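Source file: protein_10.pdb (PDB, C-alpha atoms and all ligand atoms)
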ATOM      1  CA  MET A   1       0.000   0.000   0.000
ATOM      2  CA  ARG A   2       2.833   2.382   0.754
ATOM      3  CA  ARG A   3       4.333   1.775  -2.670
ATOM      4  CA  LEU A   4       0.927   2.419  -4.200
ATOM      5  CA  ARG A   5       0.717   5.734  -2.360
ATOM      6  CA  CYS A   6       4.102   6.733  -3.780
ATOM      7  CA  LEU A   7       2.850   5.682  -7.208
ATOM      8  CA  LEU A   8      -0.226   7.885  -6.770
ATOM      9  CA  TRP A   9       1.833  10.976  -5.947
ATOM     10  CA  LEU A  10       4.233  10.161  -8.761
ATOM     11  CA  SER A  11       1.328   9.909 -11.186
ATOM     12  CA  ILE A  12      -0.180  13.196  -9.952
ATOM     13  CA  GLY A  13       3.215  14.921  -9.928
ATOM     14  CA  ALA A  14       4.071  13.797 -13.458
ATOM     15  CA  LYS A  15       0.741  15.055 -14.791
ATOM     16  CA  GLY A  16       1.200  18.320 -12.887
ATOM     17  CA  VAL A  17       4.621  18.898 -14.453
ATOM     18  CA  VAL A  18       3.344  18.114 -17.971
ATOM     19  CA  TRP A  19       0.362  20.422 -17.550
ATOM     20  CA  ALA A  20       2.503  23.201 -16.081
ATOM     21  CA  ALA A  21       4.857  22.952 -19.078
ATOM     22  CA  VAL A  22       1.979  22.947 -21.576
ATOM     23  CA  TYR A  23       0.241  25.828 -19.819
ATOM     24  CA  ALA A  24       3.366  27.970 -19.584
ATOM     25  CA  ASP A  25       4.447  27.242 -23.131
ATOM     26  CA  ALA A  26       1.214  27.496 -25.092
ATOM     27  CA  THR A  27      -1.318  28.880 -22.574
ATOM     28  CA  PRO A  28      -4.363  27.045 -23.930
ATOM     29  CA  PRO A  29      -7.689  28.786 -23.244
ATOM     30  CA  ALA A  30      -8.569  28.305 -19.567
ATOM     31  CA  PRO A  31     -11.756  26.232 -20.192
ATOM     32  CA  LEU A  32      -9.681  23.830 -22.277
ATOM     33  CA  ALA A  33      -7.064  23.650 -19.511
ATOM     34  CA  ALA A  34      -9.867  23.031 -16.978
ATOM     35  CA  LEU A  35     -11.194  20.192 -19.104
ATOM     36  CA  GLY A  36      -7.655  18.788 -19.324
ATOM     37  CA  LEU A  37      -7.296  19.024 -15.550
ATOM     38  CA  MET A  38     -10.507  17.082 -14.977
ATOM     39  CA  LEU A  39      -9.573  14.492 -17.605
ATOM     40  CA  SER A  40      -6.181  14.059 -15.888
ATOM     41  CA  GLY A  41      -8.032  13.402 -12.628
ATOM     42  CA  ALA A  42     -10.248  10.852 -14.359
ATOM     43  CA  GLN A  43      -7.196   9.255 -15.963
ATOM     44  CA  THR A  44      -5.517   8.857 -12.551
ATOM     45  CA  LEU A  45      -8.664   7.164 -11.224
ATOM     46  CA  LEU A  46      -8.708   4.821 -14.233
ATOM     47  CA  GLU A  47      -5.006   3.991 -13.765
ATOM     48  CA  PHE A  48      -5.645   2.977 -10.164
ATOM     49  CA  ALA A  49      -8.812   1.112 -11.078
ATOM     50  CA  ALA A  50      -6.588  -0.971 -13.384
ATOM     51  CA  VAL A  51      -3.981  -1.484 -10.610
ATOM     52  CA  PHE A  52      -6.597  -2.606  -8.089
ATOM     53  CA  TRP A  53      -8.324  -4.736 -10.724
ATOM     54  CA  ARG A  54      -5.087  -6.702 -10.949
ATOM     55  CA  LEU A  55      -4.527  -6.711  -7.170
ATOM     56  CA  TYR A  56      -8.024  -8.004  -6.335
ATOM     57  CA  PRO A  57      -7.378 -11.760  -6.752
ATOM     58  CA  ARG A  58      -4.234 -11.539  -4.601
ATOM     59  CA  GLU A  59      -5.871  -9.547  -1.800
ATOM     60  CA  ARG A  60      -8.873 -11.833  -1.995
ATOM     61  CA  SER A  61      -6.840 -14.932  -1.297
ATOM     62  CA  GLU A  62      -4.314 -13.370   1.111
ATOM     63  CA  ARG A  63      -6.781 -11.461   3.287
ATOM     64  CA  GLY A  64      -9.794 -13.696   2.779
ATOM     65  CA  LEU A  65     -11.979 -10.949   1.276
ATOM     66  CA  THR A  66     -15.472 -11.962   0.295
ATOM     67  CA  ALA A  67     -16.410  -8.657  -1.360
ATOM     68  CA  ALA A  68     -17.121  -8.740  -5.095
ATOM     69  CA  ARG A  69     -14.714  -6.900  -7.366
ATOM     70  CA  PRO A  70     -16.906  -3.749  -7.830
ATOM     71  CA  ALA A  71     -17.352  -3.327  -4.054
ATOM     72  CA  TYR A  72     -13.620  -3.868  -3.529
ATOM     73  CA  LEU A  73     -12.773  -1.299  -6.227
ATOM     74  CA  ALA A  74     -15.180   1.242  -4.695
ATOM     75  CA  VAL A  75     -13.487   0.921  -1.295
ATOM     76  CA  ARG A  76      -9.968   1.054  -2.715
ATOM     77  CA  LEU A  77     -10.554   3.965  -5.126
ATOM     78  CA  ARG A  78     -12.108   6.178  -2.477
ATOM     79  CA  PRO A  79      -8.812   7.443  -0.968
ATOM     80  CA  VAL A  80      -7.520   8.095  -4.507
ATOM     81  CA  GLY A  81     -10.572  10.273  -5.155
ATOM     82  CA  ASP A  82     -10.107  11.964  -1.775
ATOM     83  CA  ALA A  83      -6.513  12.837  -2.689
ATOM     84  CA  LEU A  84      -7.487  14.153  -6.132
ATOM     85  CA  ALA A  85     -10.539  16.242  -5.171
ATOM     86  CA  PRO A  86      -8.755  19.090  -3.338
ATOM     87  CA  LEU A  87      -6.077  19.333  -6.051
ATOM     88  CA  VAL A  88      -8.625  19.540  -8.874
ATOM     89  CA  ALA A  89     -10.768  21.998  -6.830
ATOM     90  CA  VAL A  90      -7.862  24.356  -6.186
ATOM     91  CA  GLY A  91      -6.617  24.007  -9.800
ATOM     92  CA  LEU A  92     -10.056  24.851 -11.171
ATOM     93  CA  ALA A  93     -10.408  27.813  -8.811
ATOM     94  CA  GLY A  94      -7.020  29.115  -9.967
ATOM     95  CA  LEU A  95      -7.905  28.714 -13.635
ATOM     96  CA  THR A  96     -11.261  30.438 -13.106
ATOM     97  CA  ALA A  97      -9.512  33.343 -11.394
ATOM     98  CA  HIS A  98      -6.968  33.615 -14.185
ATOM     99  CA  TYR A  99      -9.650  33.351 -16.888
ATOM    100  CA  THR A 100     -11.876  36.075 -15.464
ATOM    101  CA  LEU A 101      -9.168  38.429 -14.170
ATOM    102  CA  SER A 102      -7.073  38.386 -17.317
ATOM    103  CA  GLY A 103     -10.176  39.455 -19.262
ATOM    104  CA  ALA A 104      -9.913  36.389 -21.538
ATOM    105  CA  SER A 105     -13.451  35.323 -20.663
ATOM    106  CA  ARG A 106     -14.830  38.629 -22.062
ATOM    107  CA  ASP A 107     -13.201  37.930 -25.434
ATOM    108  CA  TRP A 108     -15.590  35.013 -25.876
ATOM    109  CA  GLY A 109     -18.690  36.964 -24.958
ATOM    110  CA  SER A 110     -21.489  35.078 -23.246
ATOM    111  CA  ALA A 111     -19.856  31.693 -23.984
ATOM    112  CA  GLY A 112     -16.801  32.855 -22.039
ATOM    113  CA  MET A 113     -18.898  33.978 -19.090
ATOM    114  CA  LEU A 114     -20.760  30.673 -19.185
ATOM    115  CA  GLY A 115     -17.481  28.742 -19.237
ATOM    116  CA  ALA A 116     -16.108  30.786 -16.333
ATOM    117  CA  SER A 117     -19.229  30.233 -14.219
ATOM    118  CA  ALA A 118     -19.250  26.495 -14.974
ATOM    119  CA  MET A 119     -15.590  26.237 -13.920
ATOM    120  CA  GLY A 120     -16.155  28.281 -10.764
ATOM    121  CA  LEU A 121     -19.228  26.262  -9.834
ATOM    122  CA  THR A 122     -17.429  22.939 -10.321
ATOM    123  CA  ALA A 123     -14.556  24.166  -8.126
ATOM    124  CA  LEU A 124     -17.033  25.243  -5.447
ATOM    125  CA  LEU A 125     -18.922  21.935  -5.529
ATOM    126  CA  LEU A 126     -15.692  19.941  -5.321
ATOM    127  CA  GLY A 127     -14.610  22.154  -2.409
ATOM    128  CA  LEU A 128     -17.905  21.413  -0.668
ATOM    129  CA  THR A 129     -17.401  17.650  -0.981
ATOM    130  CA  LEU A 130     -14.267  18.113   1.139
ATOM    131  CA  THR A 131     -16.411  19.209   4.058
ATOM    132  CA  ARG A 132     -19.094  16.539   3.610
ATOM    133  CA  ARG A 133     -18.509  12.883   4.181
ATOM    134  CA  ALA A 134     -20.670  10.026   3.015
ATOM    135  CA  ALA A 135     -20.460   6.456   4.332
ATOM    136  CA  PRO A 136     -17.365   4.811   2.801
ATOM    137  CA  LEU A 137     -18.864   1.295   2.875
ATOM    138  CA  PRO A 138     -22.370  -0.147   2.369
ATOM    139  CA  VAL A 139     -24.687   0.529   5.320
ATOM    140  CA  ARG A 140     -26.081  -2.587   7.000
ATOM    141  CA  ALA A 141     -29.738  -2.741   7.948
ATOM    142  CA  VAL A 142     -29.075  -3.383  11.639
ATOM    143  CA  SER A 143     -29.275  -0.969  14.522
ATOM    144  CA  VAL A 144     -26.923  -0.650  17.480
ATOM    145  CA  ALA A 145     -27.770  -1.156  21.124
ATOM    146  CA  PRO A 146     -29.638   1.927  22.425
ATOM    147  CA  SER A 147     -27.078   2.259  25.222
ATOM    148  CA  LEU A 148     -24.314   2.838  22.669
ATOM    149  CA  LEU A 149     -26.242   5.635  20.938
ATOM    150  CA  ALA A 150     -27.120   7.130  24.337
ATOM    151  CA  GLU A 151     -23.427   7.171  25.280
ATOM    152  CA  ALA A 152     -22.505   8.790  21.950
ATOM    153  CA  GLN A 153     -25.169  11.443  22.526
ATOM    154  CA  ARG A 154     -23.874  12.126  26.014
ATOM    155  CA  LEU A 155     -20.387  12.601  24.539
ATOM    156  CA  GLY A 156     -21.896  14.917  21.916
ATOM    157  CA  ASP A 157     -23.571  17.010  24.641
ATOM    158  CA  GLU A 158     -20.209  17.311  26.335
ATOM    159  CA  LEU A 159     -18.761  18.924  23.197
ATOM    160  CA  GLY A 160     -21.915  20.764  22.121
ATOM    161  CA  VAL A 161     -22.458  18.764  18.930
ATOM    162  CA  PRO A 162     -25.597  16.704  18.211
ATOM    163  CA  VAL A 163     -25.102  12.983  17.485
ATOM    164  CA  ARG A 164     -28.107  11.940  15.391
ATOM    165  CA  GLU A 165     -27.362   8.417  14.253
ATOM    166  CA  LEU A 166     -24.998   5.488  14.652
ATOM    167  CA  LEU A 167     -24.640   3.489  11.451
ATOM    168  CA  ILE A 168     -23.265  -0.010  11.074
ATOM    169  CA  LEU A 169     -21.254  -0.522   7.896
ATOM    170  CA  ASP A 170     -20.488  -3.769   6.153
ATOM    171  CA  GLY A 171     -16.784  -4.181   6.905
ATOM    172  CA  THR A 172     -16.724  -7.962   7.029
ATOM    173  CA  ARG A 173     -16.464  -8.563   3.299
ATOM    174  CA  THR A 174     -13.539  -6.144   2.955
ATOM    175  CA  ARG A 175     -11.997  -6.977   6.367
ATOM    176  CA  THR A 176     -12.350  -3.375   7.516
ATOM    177  CA  ALA A 177     -12.499  -2.658  11.250
ATOM    178  CA  ASN A 178     -12.830   1.087  11.467
ATOM    179  CA  ALA A 179     -14.990   3.998  12.632
ATOM    180  CA  TYR A 180     -15.850   7.184  10.763
ATOM    181  CA  ALA A 181     -17.316  10.579  11.648
ATOM    182  CA  LEU A 182     -19.703  11.413   8.788
ATOM    183  CA  SER A 183     -21.498  14.625   7.969
ATOM    184  CA  GLY A 184     -24.965  15.288   9.379
ATOM    185  CA  GLY A 185     -24.110  14.255  12.951
ATOM    186  CA  ARG A 186     -23.676  10.594  12.002
ATOM    187  CA  ILE A 187     -21.030   8.189  13.220
ATOM    188  CA  ALA A 188     -20.386   4.911  11.445
ATOM    189  CA  LEU A 189     -18.792   1.756  12.860
ATOM    190  CA  THR A 190     -18.062  -1.333  10.814
ATOM    191  CA  ASP A 191     -19.525  -4.634  11.957
ATOM    192  CA  ALA A 192     -15.987  -6.025  12.201
ATOM    193  CA  LEU A 193     -15.075  -3.277  14.705
ATOM    194  CA  LEU A 194     -18.243  -3.879  16.698
ATOM    195  CA  ALA A 195     -17.433  -7.586  16.931
ATOM    196  CA  ALA A 196     -13.802  -7.079  17.971
ATOM    197  CA  LEU A 197     -14.085  -4.495  20.750
ATOM    198  CA  THR A 198     -15.502  -4.630  24.272
ATOM    199  CA  GLU A 199     -17.960  -1.968  25.408
ATOM    200  CA  PRO A 200     -15.401   0.293  27.164
ATOM    201  CA  GLU A 201     -13.169   0.078  24.068
ATOM    202  CA  LEU A 202     -16.100   0.945  21.811
ATOM    203  CA  HIS A 203     -16.899   3.952  23.996
ATOM    204  CA  ALA A 204     -13.324   5.188  23.652
ATOM    205  CA  VAL A 205     -13.483   4.864  19.842
ATOM    206  CA  LEU A 206     -16.870   6.619  19.846
ATOM    207  CA  ALA A 207     -15.415   9.495  21.878
ATOM    208  CA  HIS A 208     -12.637   9.904  19.281
ATOM    209  CA  GLU A 209     -15.217  10.095  16.470
ATOM    210  CA  VAL A 210     -17.594  12.415  18.375
ATOM    211  CA  ALA A 211     -14.637  14.778  18.811
ATOM    212  CA  HIS A 212     -14.182  14.689  15.004
ATOM    213  CA  LEU A 213     -17.851  15.662  14.571
ATOM    214  CA  ALA A 214     -17.305  18.721  16.745
ATOM    215  CA  GLN A 215     -14.081  19.573  14.918
ATOM    216  CA  ARG A 216     -15.758  19.458  11.499
ATOM    217  CA  ARG A 217     -17.386  22.859  12.122
ATOM    218  CA  ARG A 218     -13.954  24.353  12.747
ATOM    219  CA  LEU A 219     -12.663  22.765   9.518
ATOM    220  CA  VAL A 220     -15.566  24.150   7.477
ATOM    221  CA  ARG A 221     -14.996  27.618   8.948
ATOM    222  CA  LEU A 222     -11.271  27.424   8.128
ATOM    223  CA  TRP A 223     -11.955  26.271   4.547
ATOM    224  CA  ALA A 224     -14.484  29.111   4.044
ATOM    225  CA  GLY A 225     -12.014  31.620   5.479
ATOM    226  CA  LEU A 226      -9.178  30.339   3.286
ATOM    227  CA  THR A 227     -11.377  30.465   0.176
ATOM    228  CA  LEU A 228     -12.371  34.068   0.964
ATOM    229  CA  ALA A 229      -8.741  35.009   1.624
ATOM    230  CA  GLY A 230      -7.700  33.326  -1.644
ATOM    231  CA  VAL A 231     -10.351  35.213  -3.632
ATOM    232  CA  ALA A 232      -9.484  38.522  -1.937
ATOM    233  CA  LEU A 233      -5.763  38.007  -2.568
ATOM    234  CA  THR A 234      -6.417  37.164  -6.215
ATOM    235  CA  LEU A 235      -8.615  40.236  -6.697
ATOM    236  CA  ALA A 236      -6.137  42.522  -4.939
ATOM    237  CA  GLY A 237      -3.287  41.139  -7.044
ATOM    238  CA  ALA A 238      -5.227  41.439 -10.305
ATOM    239  CA  PRO A 239      -3.113  44.273 -11.776
ATOM    240  CA  LEU A 240      -0.039  42.113 -11.159
ATOM    241  CA  TRP A 241      -1.454  39.053 -12.937
ATOM    242  CA  GLU A 242      -1.225  40.494 -16.417
ATOM    243  CA  ARG A 243       2.337  41.756 -16.030
ATOM    244  CA  LEU A 244       3.752  38.485 -14.654
ATOM    245  CA  PRO A 245       5.564  36.094 -17.003
ATOM    246  CA  ARG A 246       3.718  32.795 -17.472
ATOM    247  CA  TRP A 247       6.056  30.883 -15.159
ATOM    248  CA  GLY A 248       5.568  33.549 -12.506
ATOM    249  CA  LEU A 249       1.827  33.173 -12.844
ATOM    250  CA  LEU A 250       2.097  29.406 -12.431
ATOM    251  CA  GLY A 251       4.328  29.859  -9.389
ATOM    252  CA  LEU A 252       1.721  32.169  -7.895
ATOM    253  CA  LEU A 253      -1.034  29.635  -8.524
ATOM    254  CA  VAL A 254       0.976  26.851  -6.891
ATOM    255  CA  ALA A 255       1.777  29.091  -3.900
ATOM    256  CA  LEU A 256      -1.913  29.930  -3.570
ATOM    257  CA  ALA A 257      -2.879  26.254  -3.706
ATOM    258  CA  LEU A 258      -0.267  25.280  -1.094
ATOM    259  CA  GLY A 259      -1.256  28.243   1.068
ATOM    260  CA  MET A 260      -4.815  26.920   1.118
ATOM    261  CA  LEU A 261      -4.091  23.200   1.540
ATOM    262  CA  ALA A 262      -1.283  23.368   4.145
ATOM    263  CA  PRO A 263      -3.339  24.951   6.978
ATOM    264  CA  MET A 264      -6.152  22.415   6.376
ATOM    265  CA  LEU A 265      -3.687  19.528   6.617
ATOM    266  CA  TRP A 266      -2.074  20.995   9.735
ATOM    267  CA  LEU A 267      -5.422  21.456  11.492
ATOM    268  CA  ARG A 268      -6.592  17.945  10.609
ATOM    269  CA  ARG A 269      -3.416  16.412  12.015
ATOM    270  CA  ARG A 270      -3.903  18.381  15.229
ATOM    271  CA  HIS A 271      -7.512  17.217  15.388
ATOM    272  CA  GLU A 272      -6.350  13.589  15.542
ATOM    273  CA  GLN A 273      -4.386  14.316  18.727
ATOM    274  CA  GLU A 274      -7.243  16.299  20.238
ATOM    275  CA  ALA A 275      -9.730  13.505  19.472
ATOM    276  CA  ASP A 276      -7.513  10.981  21.299
ATOM    277  CA  ALA A 277      -7.165  13.416  24.205
ATOM    278  CA  PHE A 278     -10.954  13.767  24.451
ATOM    279  CA  ALA A 279     -11.353   9.981  24.608
ATOM    280  CA  VAL A 280      -8.745   9.881  27.404
ATOM    281  CA  SER A 281     -10.506  12.687  29.284
ATOM    282  CA  GLN A 282     -13.672  10.552  29.300
ATOM    283  CA  TYR A 283     -12.431   7.042  30.033
ATOM    284  CA  GLY A 284      -8.721   7.191  30.761
ATOM    285  CA  ALA A 285      -6.092   6.001  28.299
ATOM    286  CA  GLU A 286      -6.382   2.227  28.752
ATOM    287  CA  PRO A 287      -9.547   1.435  26.740
ATOM    288  CA  LEU A 288      -8.283   3.376  23.720
ATOM    289  CA  ILE A 289      -4.846   1.753  23.949
ATOM    290  CA  ARG A 290      -6.437  -1.708  24.089
ATOM    291  CA  ALA A 291      -8.703  -0.846  21.135
ATOM    292  CA  LEU A 292      -5.764   0.391  19.057
ATOM    293  CA  HIS A 293      -3.789  -2.791  19.781
ATOM    294  CA  LYS A 294      -6.731  -4.949  18.731
ATOM    295  CA  LEU A 295      -7.324  -2.986  15.530
ATOM    296  CA  ALA A 296      -3.618  -3.153  14.700
ATOM    297  CA  ALA A 297      -3.753  -6.925  15.037
ATOM    298  CA  LEU A 298      -6.775  -7.090  12.725
ATOM    299  CA  GLN A 299      -5.212  -4.886  10.075
ATOM    300  CA  PRO A 300      -1.488  -5.555  10.182
ATOM    301  CA  ARG A 301       0.579  -2.644   8.967
ATOM    302  CA  ASP A 302       3.906  -1.080   9.869
ATOM    303  CA  ALA A 303       3.453   0.338  13.388
ATOM    304  CA  GLN A 304       6.269   2.846  12.932
ATOM    305  CA  ARG A 305       4.793   4.447   9.837
ATOM    306  CA  ALA A 306       1.803   6.725   9.451
ATOM    307  CA  SER A 307      -0.990   5.135   7.416
ATOM    308  CA  ASP A 308      -1.789   8.440   5.693
ATOM    309  CA  ALA A 309      -0.964  12.141   5.826
ATOM    310  CA  LEU A 310      -3.384  12.750   8.698
ATOM    311  CA  HIS A 311      -3.112   9.921  11.190
ATOM    312  CA  PRO A 312       0.112   9.506  13.161
ATOM    313  CA  SER A 313       1.687   6.050  13.225
ATOM    314  CA  LEU A 314       0.345   3.561  15.763
ATOM    315  CA  HIS A 315       3.659   3.725  17.605
ATOM    316  CA  GLU A 316       3.503   7.510  17.953
ATOM    317  CA  ARG A 317      -0.144   7.404  18.952
ATOM    318  CA  LEU A 318       0.430   4.777  21.660
ATOM    319  CA  GLN A 319       3.440   6.647  22.988
ATOM    320  CA  ARG A 320       1.400   9.809  23.358
ATOM    321  CA  LEU A 321      -1.401   7.890  25.073
ATOM    322  CA  GLN A 322       0.994   6.245  27.494
ATOM    323  CA  ARG A 323       1.946   9.668  28.818
ATOM    324  CA  PHE A 324      -1.419   9.871  30.512
ATOM    325  CA  GLN A 325      -1.443   8.457  34.034
ATOM    326  CA  PRO A 326      -3.928   5.682  34.776
ATOM    327  CA  ARG A 327      -7.070   7.078  36.358
ATOM    328  CA  LEU A 328      -7.288   6.865  40.138
ATOM    329  CA  PRO A 329     -10.304   4.922  41.364
ATOM    330  CA  ALA A 330     -12.975   7.359  42.507
TER     331      ALA A 330
HETATM  332 ZN    ZN A 401      -9.368  10.207  13.858
END
What is this structure when it is put down as structure tokens?
Amino acid sequence: MRRLRCLLWLSIGAKGVVWAAVYADATPPAPLAALGLMLSGAQTLLEFAAVFWRLYPRERSERGLTAARPAYLAVRLRPVGDALAPLVAVGLAGLTAHYTLSGASRDWGSAGMLGASAMGLTALLLGLTLTRRAAPLPVRAVSVAPSLLAEAQRLGDELGVPVRELLILDGTRTRTANAYALSGGRIALTDALLAALTEPELHAVLAHEVAHLAQRRRLVRLWAGLTLAGVALTLAGAPLWERLPRWGLLGLLVALALGMLAPMLWLRRRHEQEADAFAVSQYGAEPLIRALHKLAALQPRDAQRASDALHPSLHERLQRLQRFQPRLPA
């Protein structure tokens, strides 16, 4: 999986370099560049669909998956889509800004304005998907024990965020034991997680996810603020845009994109630590530590390495948790 992640960034990076060269050299009309950007995104998805298509039989026999190939592909391609969406959103926003501010859209009359609004709207919609989260696996038609929902709601009250629903996802067929904070005050647990953990361990995992629900509002506010700042900066710098050489313009776009993505990434990493700390504040560190050990045994991966850009490695997470003293009996 780690090699695949490198491959993903290599694929995205290579396409980025090619597009930057094409854009700086020939400056195709912005709507055409936008179309190219979206096609590149689609191409990356197709490349990985092909990779996972080939990997499916191996994973099926090695990990005992019972999911059919389409369900497996849907689960595997989701993180690829998640990685692509912010890049395409920021790229489209940059192209829209360039198109309208450089006056190129006016040259095409109403078609130009239409193109610019379509590009802007697509960027906005893609940006919105970053703040919403749908269930990553099929939802199972079973409900959880009322006591579990009641506990989640109590945790929500503690943080001032409503918990409306606990969903059970089908994780058995893809061997996924995980929990997710979804949009709309929903928390999802896979059936495999539910089966593996004891009640105190489940509560600790729930507390971590309830904290994520509360943090989502802060993330949405930050994203809105960054978008506004980006638009304001672009408008204020408009006179500069036309005088910059093409490479300078590209550099500015990249800086803008990084300036918007880096604070989001930083805040989300911090949120992971805060969510663990909230779980500890509720139940002490032990249940969460036990839960993490169990989950690590279910889904073997390198304990020293982070699984993605957001979550710290298991080793780092356990070390931080072990700093908390065991709770004294009341
Ligand atoms: Zn988390």
Item to check | Selection: 8 Å around Gln153 (chain A), only C-alpha atoms, excl. self and same-chain fewer than 2 positions, as a ChimeraX atom specification | outcome: /A:149-151,155-157,162-164
Item to check | Selection near region 108-118 of chain A, 6 Å with only C-alpha atoms, sequence-local residues under 3 positions removed, as a PyMOL selection string | outcome: chain A and resi 96+105+121
Next on the checklist: Which residues are close to Phe278 (chain A), i.e. within 7 Å by only C-alpha atoms, leaving aside same-chain residues fewer than 3 positions away? Reply as a ChimeraX atom specification.
Outcome noted: /A:207-208,211,274-275,281-282
Checklist entry - Do you know which residues are at most 7 Å from region 186-196 of chain A counting all atoms listed in the file, after dropping those on the same chain fewer than 3 positions away, and could you put them as a list of chain:residue names? => result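 Residues meeting the cut-off are A:Val163, A:Arg164, A:Glu165, A:Leu166, A:Leu167, A:Ile168, A:Leu169, A:Asp170, A:Gly171, A:Thr172, A:Thr176, A:Ala177, A:Asn178, A:Ala179, A:Tyr180, A:Ala181, A:Leu182, A:Ser183, A:Glu209.
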Next on the checklist: Report as a PyMOL selection string all protein, DNA and RNA residues lying within 9 Å of Leu202 (chain A), evaluated on all atoms listed in the file, omitting residues in the same chain fewer than 3 positions from it.
Outcome noted: chain A and resi 148+193-194+197-199+205-207+287-288+291
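If you measure from each of A:Leu250, A:Leu45, A:Leu73, A:Leu235 to Glu59 (chain A) using only C-alpha atoms, the closest one turns out to be A:Leu73.
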Item to check | Nearest to ligand ZN 401 (chain A) by atom-to-atom distance, counting only C-alpha atoms and all ligand atoms, from A:Met264, A:Val210, A:Ala255, A:Val280 | outcome: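 That would be A:Val210, the residue with the smallest distance to ligand ZN 401 (chain A).
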Checklist entry - Pick from A:Leu249, A:Leu84, A:Ala123, A:Ala214: nearest to ligand ZN 401 (chain A), with all atoms listed in the file counted? => result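 Closest residue, counting all atoms listed in the file: A:Ala214.
Across the model, the gap from CA of Leu32 (chain A) to CA of Leu233 (chain A) is 24.6 Å.
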Item to check | Atom pair CA of Ser40 (chain A) / CA of Trp266 (chain A): separation (Å) | outcome: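 It comes out at 26.9 Å.
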Checklist entry - CA of Leu219 (chain A) to CA of Met260 (chain A): how many Å, to one decimal? => result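 We find that CA of Leu219 (chain A) and CA of Met260 (chain A) lie 12.2 Å from each other.
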Some atoms are missing, so please complete region 171-182 of chain A with N, CA and C atoms and return it as a CSV table (one decimal), keeping the file's coordinate frame.
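The resulting file, part-v7.csv, is reproduced below:
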chain,number,residue,atom,x,y,z
A,171,GLY,N,-18.2,-4.1,7.0
A,171,GLY,CA,-16.8,-4.2,6.9
A,171,GLY,C,-16.3,-5.6,6.8
A,172,THR,N,-17.2,-6.6,7.0
A,172,THR,CA,-16.7,-8.0,7.0
A,172,THR,C,-16.2,-8.4,5.7
A,173,ARG,N,-16.9,-8.1,4.6
A,173,ARG,CA,-16.5,-8.6,3.3
A,173,ARG,C,-15.2,-8.0,2.8
A,174,THR,N,-14.8,-6.7,3.4
A,174,THR,CA,-13.5,-6.1,3.0
A,174,THR,C,-12.5,-6.2,4.1
A,175,ARG,N,-12.9,-6.9,5.2
A,175,ARG,CA,-12.0,-7.0,6.4
A,175,ARG,C,-11.6,-5.6,6.9
A,176,THR,N,-12.6,-4.7,7.0
A,176,THR,CA,-12.4,-3.4,7.5
A,176,THR,C,-12.9,-3.2,8.9
A,177,ALA,N,-12.0,-3.0,9.9
A,177,ALA,CA,-12.5,-2.7,11.2
A,177,ALA,C,-12.1,-1.2,11.5
A,178,ASN,N,-13.1,-0.3,11.4
A,178,ASN,CA,-12.8,1.1,11.5
A,178,ASN,C,-14.1,1.9,11.9
A,179,ALA,N,-13.9,3.1,12.3
A,179,ALA,CA,-15.0,4.0,12.6
A,179,ALA,C,-14.8,5.3,11.9
A,180,TYR,N,-15.9,6.0,11.6
A,180,TYR,CA,-15.8,7.2,10.8
A,180,TYR,C,-16.8,8.2,11.3
A,181,ALA,N,-16.4,9.5,11.3
A,181,ALA,CA,-17.3,10.6,11.6
A,181,ALA,C,-17.8,11.1,10.3
A,182,LEU,N,-19.1,11.0,10.1
A,182,LEU,CA,-19.7,11.4,8.8
A,182,LEU,C,-20.4,12.8,9.0
